[in-house]
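Asks: Below is the file structure_2.pdb, with PDB, C-alpha atoms.
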```pdb
ATOM      1  CA  MET A  11      89.624  59.874  42.669
ATOM      2  CA  ILE A  12      90.639  56.228  42.754
ATOM      3  CA  PHE A  13      90.501  56.212  46.566
ATOM      4  CA  PRO A  14      88.762  59.291  48.029
ATOM      5  CA  LEU A  15      90.629  61.013  50.844
ATOM      6  CA  PRO A  16      88.879  61.620  54.201
ATOM      7  CA  GLU A  17      86.212  64.349  54.138
ATOM      8  CA  LYS A  18      87.497  65.469  57.497
ATOM      9  CA  PHE A  19      90.579  64.133  59.248
ATOM     10  CA  ASP A  20      88.995  63.279  62.606
ATOM     11  CA  GLU A  21      88.586  60.577  65.263
ATOM     12  CA  ASN A  22      87.930  57.650  62.897
ATOM     13  CA  GLU A  23      91.142  58.177  60.899
ATOM     14  CA  LEU A  24      93.099  58.679  64.128
ATOM     15  CA  PHE A  25      91.606  55.487  65.570
ATOM     16  CA  ILE A  26      92.699  53.527  62.495
ATOM     17  CA  ILE A  27      96.230  55.015  62.585
ATOM     18  CA  PHE A  28      96.737  54.391  66.313
ATOM     19  CA  SER A  29      95.263  50.878  66.292
ATOM     20  CA  THR A  30      97.433  49.995  63.275
ATOM     21  CA  ILE A  31     100.603  51.208  65.030
ATOM     22  CA  ILE A  32      99.721  49.413  68.275
ATOM     23  CA  THR A  33      98.732  46.089  66.683
ATOM     24  CA  TRP A  34     101.800  46.065  64.403
ATOM     25  CA  ALA A  35     104.072  46.856  67.348
ATOM     26  CA  ILE A  36     102.563  43.967  69.351
ATOM     27  CA  MET A  37     102.859  41.722  66.296
ATOM     28  CA  PHE A  38     106.605  42.354  66.056
ATOM     29  CA  MET A  39     107.134  42.044  69.819
ATOM     30  CA  LEU A  40     105.375  38.692  70.217
ATOM     31  CA  PRO A  41     107.247  35.517  69.271
ATOM     32  CA  LYS A  42     106.203  34.243  65.842
ATOM     33  CA  ARG A  43     104.745  30.738  65.990
ATOM     34  CA  ILE A  44     103.512  30.372  62.410
ATOM     35  CA  SER A  45     105.442  30.144  59.159
ATOM     36  CA  ALA A  46     105.645  32.923  56.551
ATOM     37  CA  VAL A  47     103.482  30.786  54.228
ATOM     38  CA  THR A  48     100.727  30.538  56.867
ATOM     39  CA  ILE A  49     100.905  34.267  57.594
ATOM     40  CA  THR A  50     100.569  35.050  53.870
ATOM     41  CA  ILE A  51      97.596  32.715  53.422
ATOM     42  CA  ILE A  52      95.636  33.756  56.530
ATOM     43  CA  TRP A  53      96.363  37.424  55.810
ATOM     44  CA  THR A  54      95.012  37.054  52.235
ATOM     45  CA  PHE A  55      92.048  35.012  53.502
ATOM     46  CA  ASN A  56      91.047  37.655  56.036
ATOM     47  CA  VAL A  57      91.445  40.583  53.636
ATOM     48  CA  PHE A  58      89.200  38.585  51.275
ATOM     49  CA  LEU A  59      86.592  38.050  54.027
ATOM     50  CA  ALA A  60      86.690  41.673  55.215
ATOM     51  CA  LEU A  61      86.236  42.945  51.661
ATOM     52  CA  LEU A  62      83.563  40.373  50.899
ATOM     53  CA  ALA A  63      81.532  41.418  53.946
ATOM     54  CA  ASP A  64      82.066  45.137  53.518
ATOM     55  CA  ILE A  65      81.404  45.260  49.796
ATOM     56  CA  THR A  66      78.375  42.943  50.022
ATOM     57  CA  ILE A  67      76.425  44.412  52.936
ATOM     58  CA  THR A  68      77.578  48.030  52.986
ATOM     59  CA  VAL A  69      76.419  48.744  49.439
ATOM     60  CA  LYS A  70      72.908  48.917  48.023
ATOM     61  CA  PRO A  71      70.511  47.050  48.169
ATOM     62  CA  TYR A  72      71.481  46.137  51.769
ATOM     63  CA  GLU A  73      73.443  49.067  53.266
ATOM     64  CA  LEU A  74      73.548  47.565  56.777
ATOM     65  CA  TYR A  75      76.477  49.775  57.807
ATOM     66  CA  PHE A  76      79.093  52.013  56.292
ATOM     67  CA  THR A  77      82.710  52.598  57.105
ATOM     68  CA  ILE A  78      84.474  55.877  57.898
ATOM     69  CA  ASP A  79      83.203  59.062  56.158
ATOM     70  CA  HIS A  80      82.103  58.044  52.680
ATOM     71  CA  LYS A  81      79.731  55.530  51.218
ATOM     72  CA  ALA A  82      82.484  55.001  48.633
ATOM     73  CA  HIS A  83      85.599  52.863  49.096
ATOM     74  CA  GLU A  84      88.062  55.368  50.509
ATOM     75  CA  LEU A  85      91.774  55.325  51.265
ATOM     76  CA  PHE A  86      91.354  54.498  54.958
ATOM     77  CA  ASP A  87      89.075  51.584  54.003
ATOM     78  CA  VAL A  88      92.067  50.110  52.195
ATOM     79  CA  VAL A  89      94.261  50.614  55.284
ATOM     80  CA  LEU A  90      91.571  49.047  57.463
ATOM     81  CA  HIS A  91      91.080  46.007  55.197
ATOM     82  CA  PHE A  92      94.696  45.338  54.235
ATOM     83  CA  ILE A  93      96.781  46.470  57.216
ATOM     84  CA  THR A  94      94.767  46.887  60.409
ATOM     85  CA  TYR A  95      92.085  44.168  60.521
ATOM     86  CA  PRO A  96      94.235  41.122  59.487
ATOM     87  CA  THR A  97      96.463  41.589  62.559
ATOM     88  CA  LEU A  98      93.605  40.311  64.736
ATOM     89  CA  PRO A  99      93.269  36.872  63.057
ATOM     90  CA  TYR A 100      97.080  36.755  63.124
ATOM     91  CA  PHE A 101      96.987  37.055  66.934
ATOM     92  CA  VAL A 102      94.254  34.401  67.080
ATOM     93  CA  VAL A 103      96.265  31.878  65.059
ATOM     94  CA  ASN A 104      99.561  32.743  66.760
ATOM     95  CA  SER A 105      98.108  32.213  70.235
ATOM     96  CA  TYR A 106      96.310  29.064  69.029
ATOM     97  CA  GLN A 107      99.672  27.611  67.952
ATOM     98  CA  HIS A 108     101.028  28.400  71.413
ATOM     99  CA  TYR A 109      98.221  26.911  73.528
ATOM    100  CA  LYS A 110      96.800  24.374  71.018
ATOM    101  CA  PRO A 111      93.452  24.087  72.842
ATOM    102  CA  LYS A 112      91.311  21.018  72.147
ATOM    103  CA  GLY A 113      87.598  20.244  72.637
ATOM    104  CA  LEU A 114      85.830  22.541  75.081
ATOM    105  CA  LYS A 115      88.988  24.611  75.567
ATOM    106  CA  PHE A 116      89.023  25.278  71.822
ATOM    107  CA  LEU A 117      85.410  26.470  71.987
ATOM    108  CA  LEU A 118      86.247  28.779  74.894
ATOM    109  CA  PHE A 119      89.328  30.000  73.014
ATOM    110  CA  VAL A 120      87.250  30.972  69.947
ATOM    111  CA  VAL A 121      84.537  32.540  72.146
ATOM    112  CA  PHE A 122      87.208  34.567  73.981
ATOM    113  CA  TRP A 123      88.675  35.908  70.723
ATOM    114  CA  GLY A 124      85.200  36.481  69.272
ATOM    115  CA  GLY A 125      84.373  38.533  72.381
ATOM    116  CA  ALA A 126      87.656  40.464  72.134
ATOM    117  CA  ALA A 127      87.056  41.234  68.435
ATOM    118  CA  THR A 128      83.474  42.317  69.143
ATOM    119  CA  ALA A 129      84.693  44.611  71.950
ATOM    120  CA  LEU A 130      87.228  46.142  69.550
ATOM    121  CA  GLU A 131      84.539  46.609  66.929
ATOM    122  CA  TRP A 132      82.226  48.236  69.494
ATOM    123  CA  THR A 133      85.092  50.635  70.366
ATOM    124  CA  SER A 134      85.619  51.437  66.690
ATOM    125  CA  VAL A 135      81.875  52.160  66.369
ATOM    126  CA  GLN A 136      82.274  54.758  69.151
ATOM    127  CA  PHE A 137      84.997  56.383  67.027
ATOM    128  CA  ASN A 138      82.733  56.321  63.925
ATOM    129  CA  VAL A 139      84.936  53.891  62.043
ATOM    130  CA  PHE A 140      81.742  51.887  61.466
ATOM    131  CA  THR A 141      78.275  53.421  61.394
ATOM    132  CA  TYR A 142      75.515  50.843  61.742
ATOM    133  CA  THR A 143      72.404  51.423  59.647
ATOM    134  CA  GLY A 144      70.737  48.090  60.405
ATOM    135  CA  TRP A 145      73.657  45.923  61.537
ATOM    136  CA  LYS A 146      73.884  44.776  65.180
ATOM    137  CA  VAL A 147      77.031  44.189  67.211
ATOM    138  CA  HIS A 148      75.876  40.713  68.370
ATOM    139  CA  LEU A 149      75.767  39.653  64.700
ATOM    140  CA  SER A 150      79.446  40.587  64.476
ATOM    141  CA  PHE A 151      80.160  38.249  67.401
ATOM    142  CA  LEU A 152      78.601  35.315  65.515
ATOM    143  CA  VAL A 153      80.517  36.238  62.361
ATOM    144  CA  TYR A 154      83.825  36.416  64.286
ATOM    145  CA  LEU A 155      83.242  32.941  65.773
ATOM    146  CA  ILE A 156      82.898  31.477  62.276
ATOM    147  CA  VAL A 157      85.736  33.558  60.805
ATOM    148  CA  PHE A 158      88.222  32.673  63.575
ATOM    149  CA  ALA A 159      87.310  28.970  63.517
ATOM    150  CA  ALA A 160      87.776  28.963  59.718
ATOM    151  CA  THR A 161      91.078  30.857  59.998
ATOM    152  CA  ILE A 162      92.423  28.372  62.579
ATOM    153  CA  TRP A 163      91.384  25.470  60.350
ATOM    154  CA  LEU A 164      93.100  27.084  57.348
ATOM    155  CA  ALA A 165      96.243  27.855  59.363
ATOM    156  CA  ASN A 166      96.410  24.227  60.556
ATOM    157  CA  PHE A 167      96.002  23.028  56.965
ATOM    158  CA  VAL A 168      98.925  25.184  55.783
ATOM    159  CA  GLU A 169     101.101  24.571  58.877
ATOM    160  CA  LYS A 170     100.916  20.805  58.282
ATOM    161  CA  LYS A 171     102.555  21.322  54.891
ATOM    162  CA  TYR A 172     104.757  24.296  55.687
ATOM    163  CA  PRO A 173     105.403  24.259  59.432
ATOM    164  CA  SER A 174     107.070  27.094  61.270
ATOM    165  CA  VAL A 175     110.290  26.365  63.200
ATOM    166  CA  TRP A 176     108.081  26.281  66.336
ATOM    167  CA  ASN A 177     105.797  23.603  64.854
ATOM    168  CA  SER A 178     108.519  21.613  63.106
ATOM    169  CA  LYS A 179     110.251  21.130  66.492
ATOM    170  CA  ASP A 180     106.924  19.905  67.824
ATOM    171  CA  LEU A 181     106.546  17.503  64.900
ATOM    172  CA  ASN A 182     110.097  16.172  65.398
ATOM    173  CA  MET A 183     109.362  15.559  69.094
ATOM    174  CA  LYS A 184     106.242  13.602  68.151
ATOM    175  CA  LYS A 185     108.190  11.546  65.590
ATOM    176  CA  GLY A 186     110.724  10.708  68.287
ATOM    177  CA  SER A 187     113.761  12.489  66.897
ATOM    178  CA  ALA A 188     115.742  14.777  69.128
ATOM    179  CA  PRO A 189     115.080  18.488  68.636
ATOM    180  CA  GLN A 190     118.004  20.296  66.975
TER     181      GLN A 190
ATOM    182  CA  MET B  18      66.013  34.698  37.068
ATOM    183  CA  GLU B  19      67.327  32.163  34.531
ATOM    184  CA  THR B  20      70.650  33.980  34.453
ATOM    185  CA  VAL B  21      71.139  33.421  38.202
ATOM    186  CA  TRP B  22      70.599  29.692  37.744
ATOM    187  CA  VAL B  23      73.046  29.585  34.841
ATOM    188  CA  PHE B  24      75.688  31.323  36.971
ATOM    189  CA  LEU B  25      74.922  29.061  39.946
ATOM    190  CA  VAL B  26      75.578  25.993  37.772
ATOM    191  CA  LEU B  27      78.735  27.660  36.449
ATOM    192  CA  ALA B  28      79.753  28.394  40.058
ATOM    193  CA  ILE B  29      79.519  24.680  40.924
ATOM    194  CA  VAL B  30      81.545  23.816  37.812
ATOM    195  CA  SER B  31      84.107  26.483  38.769
ATOM    196  CA  PHE B  32      84.574  25.110  42.295
ATOM    197  CA  ILE B  33      84.898  21.552  40.939
ATOM    198  CA  SER B  34      87.537  22.827  38.496
ATOM    199  CA  LEU B  35      89.395  24.497  41.390
ATOM    200  CA  TYR B  36      89.308  21.198  43.300
ATOM    201  CA  ILE B  37      90.836  19.468  40.263
ATOM    202  CA  LEU B  38      93.420  22.246  40.065
ATOM    203  CA  MET B  39      94.376  21.614  43.707
ATOM    204  CA  LYS B  40      95.516  18.120  42.638
ATOM    205  CA  LYS B  41      97.525  19.491  39.696
ATOM    206  CA  MET B  42      98.943  22.589  41.370
ATOM    207  CA  ASN B  43      99.996  23.298  44.950
ATOM    208  CA  ALA B  44      96.796  23.420  47.092
ATOM    209  CA  THR B  45      98.147  26.292  49.217
ATOM    210  CA  ASN B  46      98.913  28.309  46.099
ATOM    211  CA  VAL B  47      95.423  27.626  44.673
ATOM    212  CA  LEU B  48      93.795  28.822  47.926
ATOM    213  CA  GLY B  49      95.982  31.936  48.138
ATOM    214  CA  SER B  50      95.421  32.769  44.463
ATOM    215  CA  TYR B  51      91.659  32.281  44.834
ATOM    216  CA  PHE B  52      91.507  34.678  47.800
ATOM    217  CA  LEU B  53      93.737  37.231  46.074
ATOM    218  CA  SER B  54      91.751  37.089  42.822
ATOM    219  CA  ASN B  55      88.611  37.904  44.820
ATOM    220  CA  ILE B  56      90.359  40.794  46.566
ATOM    221  CA  LEU B  57      91.568  42.246  43.264
ATOM    222  CA  LEU B  58      88.240  41.723  41.486
ATOM    223  CA  THR B  59      86.353  43.410  44.330
ATOM    224  CA  ASN B  60      88.797  46.284  44.695
ATOM    225  CA  THR B  61      89.043  47.088  41.002
ATOM    226  CA  GLY B  62      85.271  46.629  40.648
ATOM    227  CA  VAL B  63      84.586  49.073  43.484
ATOM    228  CA  ILE B  64      87.074  51.613  42.122
ATOM    229  CA  ILE B  65      85.492  51.447  38.650
ATOM    230  CA  ASN B  66      81.858  51.387  39.755
ATOM    231  CA  LEU B  67      81.601  53.180  43.073
ATOM    232  CA  ASN B  68      84.558  55.586  43.119
ATOM    233  CA  LEU B  69      85.133  56.558  39.490
ATOM    234  CA  LYS B  70      81.550  55.879  38.351
ATOM    235  CA  LEU B  71      82.751  54.495  35.018
ATOM    236  CA  THR B  72      80.028  51.844  35.078
ATOM    237  CA  LYS B  73      76.490  51.932  36.470
ATOM    238  CA  GLN B  74      73.958  49.404  37.683
ATOM    239  CA  ASP B  75      70.541  49.519  39.340
ATOM    240  CA  PRO B  76      71.590  49.610  43.016
ATOM    241  CA  SER B  77      68.236  48.605  44.506
ATOM    242  CA  ASN B  78      67.728  45.419  42.493
ATOM    243  CA  GLU B  79      68.770  42.336  44.501
ATOM    244  CA  LEU B  80      68.534  40.055  41.479
ATOM    245  CA  ILE B  81      71.011  42.176  39.518
ATOM    246  CA  PHE B  82      73.276  42.392  42.556
ATOM    247  CA  TRP B  83      73.455  38.611  43.099
ATOM    248  CA  THR B  84      73.605  37.745  39.404
ATOM    249  CA  GLN B  85      76.844  39.725  39.250
ATOM    250  CA  LYS B  86      78.092  38.661  42.681
ATOM    251  CA  ILE B  87      77.903  34.903  42.026
ATOM    252  CA  PRO B  88      80.344  34.842  39.055
ATOM    253  CA  GLU B  89      82.560  37.364  40.868
ATOM    254  CA  LEU B  90      83.018  34.817  43.664
ATOM    255  CA  SER B  91      83.229  31.696  41.524
ATOM    256  CA  LEU B  92      83.624  31.790  37.746
ATOM    257  CA  LYS B  93      85.917  34.824  37.461
ATOM    258  CA  PRO B  94      88.370  33.733  40.227
ATOM    259  CA  ALA B  95      88.401  30.184  38.821
ATOM    260  CA  LEU B  96      89.321  31.484  35.359
ATOM    261  CA  LEU B  97      92.037  33.695  36.873
ATOM    262  CA  VAL B  98      93.543  30.865  38.944
ATOM    263  CA  TRP B  99      93.569  28.628  35.850
ATOM    264  CA  ILE B 100      95.420  31.386  33.967
ATOM    265  CA  ILE B 101      98.054  31.464  36.723
ATOM    266  CA  TYR B 102      98.377  27.675  36.526
ATOM    267  CA  ILE B 103      98.881  27.853  32.766
ATOM    268  CA  LEU B 104     101.371  30.736  33.023
ATOM    269  CA  PHE B 105     103.497  28.807  35.542
ATOM    270  CA  SER B 106     103.289  25.526  33.597
ATOM    271  CA  SER B 107     105.958  24.244  31.231
ATOM    272  CA  ARG B 108     103.882  24.851  28.072
ATOM    273  CA  PRO B 109     105.536  26.691  25.145
ATOM    274  CA  ILE B 110     105.131  30.472  25.276
ATOM    275  CA  PHE B 111     102.916  30.542  22.153
ATOM    276  CA  LYS B 112     100.429  28.091  23.721
ATOM    277  CA  LYS B 113     100.463  30.109  26.946
ATOM    278  CA  LEU B 114      99.611  33.284  25.030
ATOM    279  CA  ILE B 115      96.723  31.598  23.200
ATOM    280  CA  HIS B 116      95.347  30.256  26.506
ATOM    281  CA  LEU B 117      95.781  33.674  28.097
ATOM    282  CA  PHE B 118      93.820  35.356  25.301
ATOM    283  CA  VAL B 119      90.999  32.769  25.431
ATOM    284  CA  PHE B 120      90.622  33.024  29.230
ATOM    285  CA  LEU B 121      90.835  36.833  29.159
ATOM    286  CA  THR B 122      88.137  36.940  26.485
ATOM    287  CA  ALA B 123      85.957  34.671  28.636
ATOM    288  CA  LEU B 124      86.371  37.081  31.574
ATOM    289  CA  VAL B 125      85.540  40.131  29.453
ATOM    290  CA  SER B 126      82.597  38.268  27.855
ATOM    291  CA  ILE B 127      80.927  37.901  31.273
ATOM    292  CA  GLU B 128      80.851  41.706  31.568
ATOM    293  CA  VAL B 129      79.749  42.154  27.950
ATOM    294  CA  TYR B 130      76.896  39.720  28.672
ATOM    295  CA  PHE B 131      75.771  41.766  31.695
ATOM    296  CA  VAL B 132      75.808  44.901  29.543
ATOM    297  CA  SER B 133      73.773  43.154  26.829
ATOM    298  CA  ILE B 134      71.029  42.134  29.298
ATOM    299  CA  ASN B 135      71.034  45.656  30.832
ATOM    300  CA  TYR B 136      72.312  44.506  34.235
ATOM    301  CA  LEU B 137      75.307  46.770  33.809
ATOM    302  CA  GLU B 138      75.831  50.038  32.000
ATOM    303  CA  TRP B 139      79.203  51.145  30.674
ATOM    304  CA  VAL B 140      79.345  54.937  31.100
ATOM    305  CA  ASN B 141      82.972  55.682  30.281
ATOM    306  CA  TRP B 142      84.097  52.110  29.960
ATOM    307  CA  ASN B 143      84.740  49.708  27.082
ATOM    308  CA  VAL B 144      86.028  46.249  26.141
ATOM    309  CA  PHE B 145      89.624  47.465  25.844
ATOM    310  CA  TYR B 146      89.611  48.826  29.420
ATOM    311  CA  SER B 147      88.140  45.530  30.610
ATOM    312  CA  TYR B 148      91.042  43.642  29.021
ATOM    313  CA  LEU B 149      93.472  46.059  30.723
ATOM    314  CA  ARG B 150      91.747  45.546  34.096
ATOM    315  CA  TYR B 151      92.103  41.747  33.900
ATOM    316  CA  ILE B 152      95.699  41.940  32.610
ATOM    317  CA  LEU B 153      96.577  44.082  35.656
ATOM    318  CA  ILE B 154      94.884  41.532  37.960
ATOM    319  CA  ILE B 155      96.806  38.673  36.293
ATOM    320  CA  ILE B 156     100.148  40.504  36.704
ATOM    321  CA  LEU B 157      99.495  41.084  40.413
ATOM    322  CA  MET B 158      98.377  37.473  40.874
ATOM    323  CA  ALA B 159     101.479  36.179  39.082
ATOM    324  CA  VAL B 160     103.707  38.253  41.405
ATOM    325  CA  TYR B 161     101.827  36.857  44.423
ATOM    326  CA  ALA B 162     102.032  33.242  43.163
ATOM    327  CA  PHE B 163     105.767  33.663  42.494
ATOM    328  CA  TYR B 164     106.315  35.115  45.980
ATOM    329  CA  LEU B 165     104.304  32.312  47.586
ATOM    330  CA  GLU B 166     106.281  29.629  45.715
ATOM    331  CA  LYS B 167     109.517  31.262  46.867
ATOM    332  CA  VAL B 168     108.393  31.414  50.520
ATOM    333  CA  MET B 169     107.204  27.791  50.388
ATOM    334  CA  HIS B 170     110.533  26.691  48.906
ATOM    335  CA  ARG B 171     112.462  28.634  51.584
ATOM    336  CA  ASN B 172     110.267  27.128  54.310
ATOM    337  CA  LYS B 173     111.055  23.592  53.125
ATOM    338  CA  GLU B 174     114.770  24.392  52.988
ATOM    339  CA  VAL B 175     114.783  25.810  56.545
ATOM    340  CA  ASN B 176     112.936  22.797  57.926
ATOM    341  CA  THR B 177     115.254  20.263  56.281
ATOM    342  CA  ILE B 178     118.413  21.858  57.738
TER     343      ILE B 178
END
```
Translate this structure into C-alpha cells?
Replies:
Amino acid sequence: MIFPLPEKFDENELFIIFSTIITWAIMFMLPKRISAVTITIIWTFNVFLALLADITITVKPYELYFTIDHKAHELFDVVLHFITYPTLPYFVVNSYQHYKPKGLKFLLFVVFWGGAATALEWTSVQFNVFTYTGWKVHLSFLVYLIVFAATIWLANFVEKKYPSVWNSKDLNMKKGSAPQ
Amino acid sequence: METVWVFLVLAIVSFISLYILMKKMNATNVLGSYFLSNILLTNTGVIINLNLKLTKQDPSNELIFWTQKIPELSLKPALLVWIIYILFSSRPIFKKLIHLFVFLTALVSIEVYFVSINYLEWVNWNVFYSYLRYILIIILMAVYAFYLEKVMHRNKEVNTI
C-alpha cells in the first residue's frame, strides 16, 4: 500500500483527528494577521522540517522514535505532517505579528511557545502518537526553540515583501500616510 | 567516503546556484519551491523504499544513509528548482524541453550512480519509473509555483488599492 492504514484504529488516530479539528477551528476563529503568501511559505517550511526530522531520525540507522503504529510512513503520518502540525507554527507567527515582541520579550515569547509545543508533544506521547526509542522530550524543546525562531524570521522576510492587510496598515502608519 | 565529499562539494555548489537563482527569480518562490521539492522527494522516496519496498538499501550503514541524504537535501532540490525557473521563463518551448530532459537525466543519473556503487538496490524499479517519479514531482512543483505567483500578485493588488 502506498500509505498503510492504521493497524488498529485507537487512541493515537483519535488524538490526531481531534487535535486537527480543534486547531483548525481555532485557526479559523482567530483573526488572520499574516498574508496568504506567508501562510503558504511557513506551512511548506514546517511540513519540510517535520518530514526532514521524522524521516531522518525515525528510520535506521538512528530510530530515535517512531510515529503512530507502523515503522513505515502511514496515512496518519501524512495527516500529522501536512495538516495537524503546521497549525502550531501558524499560531506562533500569527501571535508574533499581533504582539511584535522585541529583545528579551521575544526570547520569552519563543520560550513560551517552545514550552507549549513540548507540552503538546508530551501529551501526544501519552496517546502513543510518538513512541520514543532513544529520543528525549527536552531535546524537542530545544528543537522547537530553533524551529519557531526560524519560522518567525522567515515569516518576517515574506511579510516585508507581501504584507497582510494588518501589516500593510502598520507600514502605512510608519510611513506617515493615513490608514485607509 | 570519497563519494560523501563529492556530494558535499556539489551541495555547496547547489546552494550557491540557488542563491544566484534568488536574484533571477522571486526569492519567496525559490524558498517555497525548495521546501516543496524536499517534501516531494522525501515523500515519494519513503513510499518507494519503505512502504512499497521497490528499492532496498543497507539500513544500518550511516555512510550510505548520509551519502544519499546530502544530495536529497541539496543537489536534487536545486536541479528541480532550476527546472521550475526554466519552465516559467520566456524561452521557446523546444529549448525548455531540451533543458527539462537534461535536468531530468541528471536527477535520474544520481540514482543510477548509487545503484552502480551498491548503495542502492532496485528491486522492482527501473530508469523509466525514476523518470516518471521526477516528472510527477515537477508537475506538482509547477502547480505550486503557479499558485504562489497568483497569490503574490493578488496580495500586491490588494495592498495597492
Asks: How many Å lie between CA of Ser91 (chain B) and CA of Ala28 (chain B), rounded to one decimal?
Replies: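 Atom-to-atom, CA of Ser91 (chain B) to CA of Ala28 (chain B), that is 5.0 Å.
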Asks: CA of Arg108 (chain B) to CA of Arg171 (chain B): how many Å, to one decimal?
Replies: 25.3 Å
Asks: Enumerate as a VMD selection string the residues belonging to chain A that approach chain B to within 9 Å, with only C-alpha atoms taken into account.
Replies: chain A and resid 11 to 14 45 to 47 50 to 52 54 to 59 61 to 62 65 to 66 69 to 72 81 to 84 167 to 168 171 to 175 178
Asks: With C-alpha atoms kept, could you save the residues just selected as a PDB file, keeping the file's coordinate frame?
Replies:
```pdb
ATOM      1  CA  MET A  11      89.624  59.874  42.669  1.00  0.00           C
ATOM      2  CA  ILE A  12      90.639  56.228  42.754  1.00  0.00           C
ATOM      3  CA  PHE A  13      90.501  56.212  46.566  1.00  0.00           C
ATOM      4  CA  PRO A  14      88.762  59.291  48.029  1.00  0.00           C
ATOM      5  CA  SER A  45     105.442  30.144  59.159  1.00  0.00           C
ATOM      6  CA  ALA A  46     105.645  32.923  56.551  1.00  0.00           C
ATOM      7  CA  VAL A  47     103.482  30.786  54.228  1.00  0.00           C
ATOM      8  CA  THR A  50     100.569  35.050  53.870  1.00  0.00           C
ATOM      9  CA  ILE A  51      97.596  32.715  53.422  1.00  0.00           C
ATOM     10  CA  ILE A  52      95.636  33.756  56.530  1.00  0.00           C
ATOM     11  CA  THR A  54      95.012  37.054  52.235  1.00  0.00           C
ATOM     12  CA  PHE A  55      92.048  35.012  53.502  1.00  0.00           C
ATOM     13  CA  ASN A  56      91.047  37.655  56.036  1.00  0.00           C
ATOM     14  CA  VAL A  57      91.445  40.583  53.636  1.00  0.00           C
ATOM     15  CA  PHE A  58      89.200  38.585  51.275  1.00  0.00           C
ATOM     16  CA  LEU A  59      86.592  38.050  54.027  1.00  0.00           C
ATOM     17  CA  LEU A  61      86.236  42.945  51.661  1.00  0.00           C
ATOM     18  CA  LEU A  62      83.563  40.373  50.899  1.00  0.00           C
ATOM     19  CA  ILE A  65      81.404  45.260  49.796  1.00  0.00           C
ATOM     20  CA  THR A  66      78.375  42.943  50.022  1.00  0.00           C
ATOM     21  CA  VAL A  69      76.419  48.744  49.439  1.00  0.00           C
ATOM     22  CA  LYS A  70      72.908  48.917  48.023  1.00  0.00           C
ATOM     23  CA  PRO A  71      70.511  47.050  48.169  1.00  0.00           C
ATOM     24  CA  TYR A  72      71.481  46.137  51.769  1.00  0.00           C
ATOM     25  CA  LYS A  81      79.731  55.530  51.218  1.00  0.00           C
ATOM     26  CA  ALA A  82      82.484  55.001  48.633  1.00  0.00           C
ATOM     27  CA  HIS A  83      85.599  52.863  49.096  1.00  0.00           C
ATOM     28  CA  GLU A  84      88.062  55.368  50.509  1.00  0.00           C
ATOM     29  CA  PHE A 167      96.002  23.028  56.965  1.00  0.00           C
ATOM     30  CA  VAL A 168      98.925  25.184  55.783  1.00  0.00           C
ATOM     31  CA  LYS A 171     102.555  21.322  54.891  1.00  0.00           C
ATOM     32  CA  TYR A 172     104.757  24.296  55.687  1.00  0.00           C
ATOM     33  CA  PRO A 173     105.403  24.259  59.432  1.00  0.00           C
ATOM     34  CA  SER A 174     107.070  27.094  61.270  1.00  0.00           C
ATOM     35  CA  VAL A 175     110.290  26.365  63.200  1.00  0.00           C
ATOM     36  CA  SER A 178     108.519  21.613  63.106  1.00  0.00           C
TER      37      SER A 178
END
```
Asks: Selected by the PyMOL selection byres ((chain A and resi 107-113) around 12) in the shown coordinates: which residues, as an mmCIF file with C-alpha atoms, in the frame of the given file?
Replies:
```cif
data_model
loop_
_atom_site.group_PDB
_atom_site.id
_atom_site.type_symbol
_atom_site.label_atom_id
_atom_site.label_comp_id
_atom_site.auth_asym_id
_atom_site.auth_seq_id
_atom_site.Cartn_x
_atom_site.Cartn_y
_atom_site.Cartn_z
ATOM 1 C CA LEU A 40 105.375 38.692 70.217
ATOM 2 C CA PRO A 41 107.247 35.517 69.271
ATOM 3 C CA LYS A 42 106.203 34.243 65.842
ATOM 4 C CA ARG A 43 104.745 30.738 65.990
ATOM 5 C CA ILE A 44 103.512 30.372 62.410
ATOM 6 C CA SER A 45 105.442 30.144 59.159
ATOM 7 C CA THR A 48 100.727 30.538 56.867
ATOM 8 C CA TYR A 100 97.080 36.755 63.124
ATOM 9 C CA PHE A 101 96.987 37.055 66.934
ATOM 10 C CA VAL A 102 94.254 34.401 67.080
ATOM 11 C CA VAL A 103 96.265 31.878 65.059
ATOM 12 C CA ASN A 104 99.561 32.743 66.760
ATOM 13 C CA SER A 105 98.108 32.213 70.235
ATOM 14 C CA TYR A 106 96.310 29.064 69.029
ATOM 15 C CA LEU A 114 85.830 22.541 75.081
ATOM 16 C CA LYS A 115 88.988 24.611 75.567
ATOM 17 C CA PHE A 116 89.023 25.278 71.822
ATOM 18 C CA LEU A 117 85.410 26.470 71.987
ATOM 19 C CA LEU A 118 86.247 28.779 74.894
ATOM 20 C CA PHE A 119 89.328 30.000 73.014
ATOM 21 C CA VAL A 120 87.250 30.972 69.947
ATOM 22 C CA ILE A 162 92.423 28.372 62.579
ATOM 23 C CA TRP A 163 91.384 25.470 60.350
ATOM 24 C CA ALA A 165 96.243 27.855 59.363
ATOM 25 C CA ASN A 166 96.410 24.227 60.556
ATOM 26 C CA GLU A 169 101.101 24.571 58.877
ATOM 27 C CA LYS A 170 100.916 20.805 58.282
ATOM 28 C CA PRO A 173 105.403 24.259 59.432
ATOM 29 C CA SER A 174 107.070 27.094 61.270
ATOM 30 C CA VAL A 175 110.290 26.365 63.200
ATOM 31 C CA TRP A 176 108.081 26.281 66.336
ATOM 32 C CA ASN A 177 105.797 23.603 64.854
ATOM 33 C CA SER A 178 108.519 21.613 63.106
ATOM 34 C CA ASP A 180 106.924 19.905 67.824
#
```
Asks: Report the distance between CA of Thr72 (chain B) and CA of His91 (chain A) in Å, rounded to one decimal place.
Replies: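 For CA of Thr72 (chain B) relative to CA of His91 (chain A), the distance reads 23.7 Å.
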Asks: Choose the residue, out of A:Val153, A:Tyr75, A:Gly144, A:Val139, that has the smallest atom-to-atom separation from Glu21 (chain A); count only C-alpha atoms.
Replies: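 Closest to Glu21 (chain A), using only C-alpha atoms: A:Val139.
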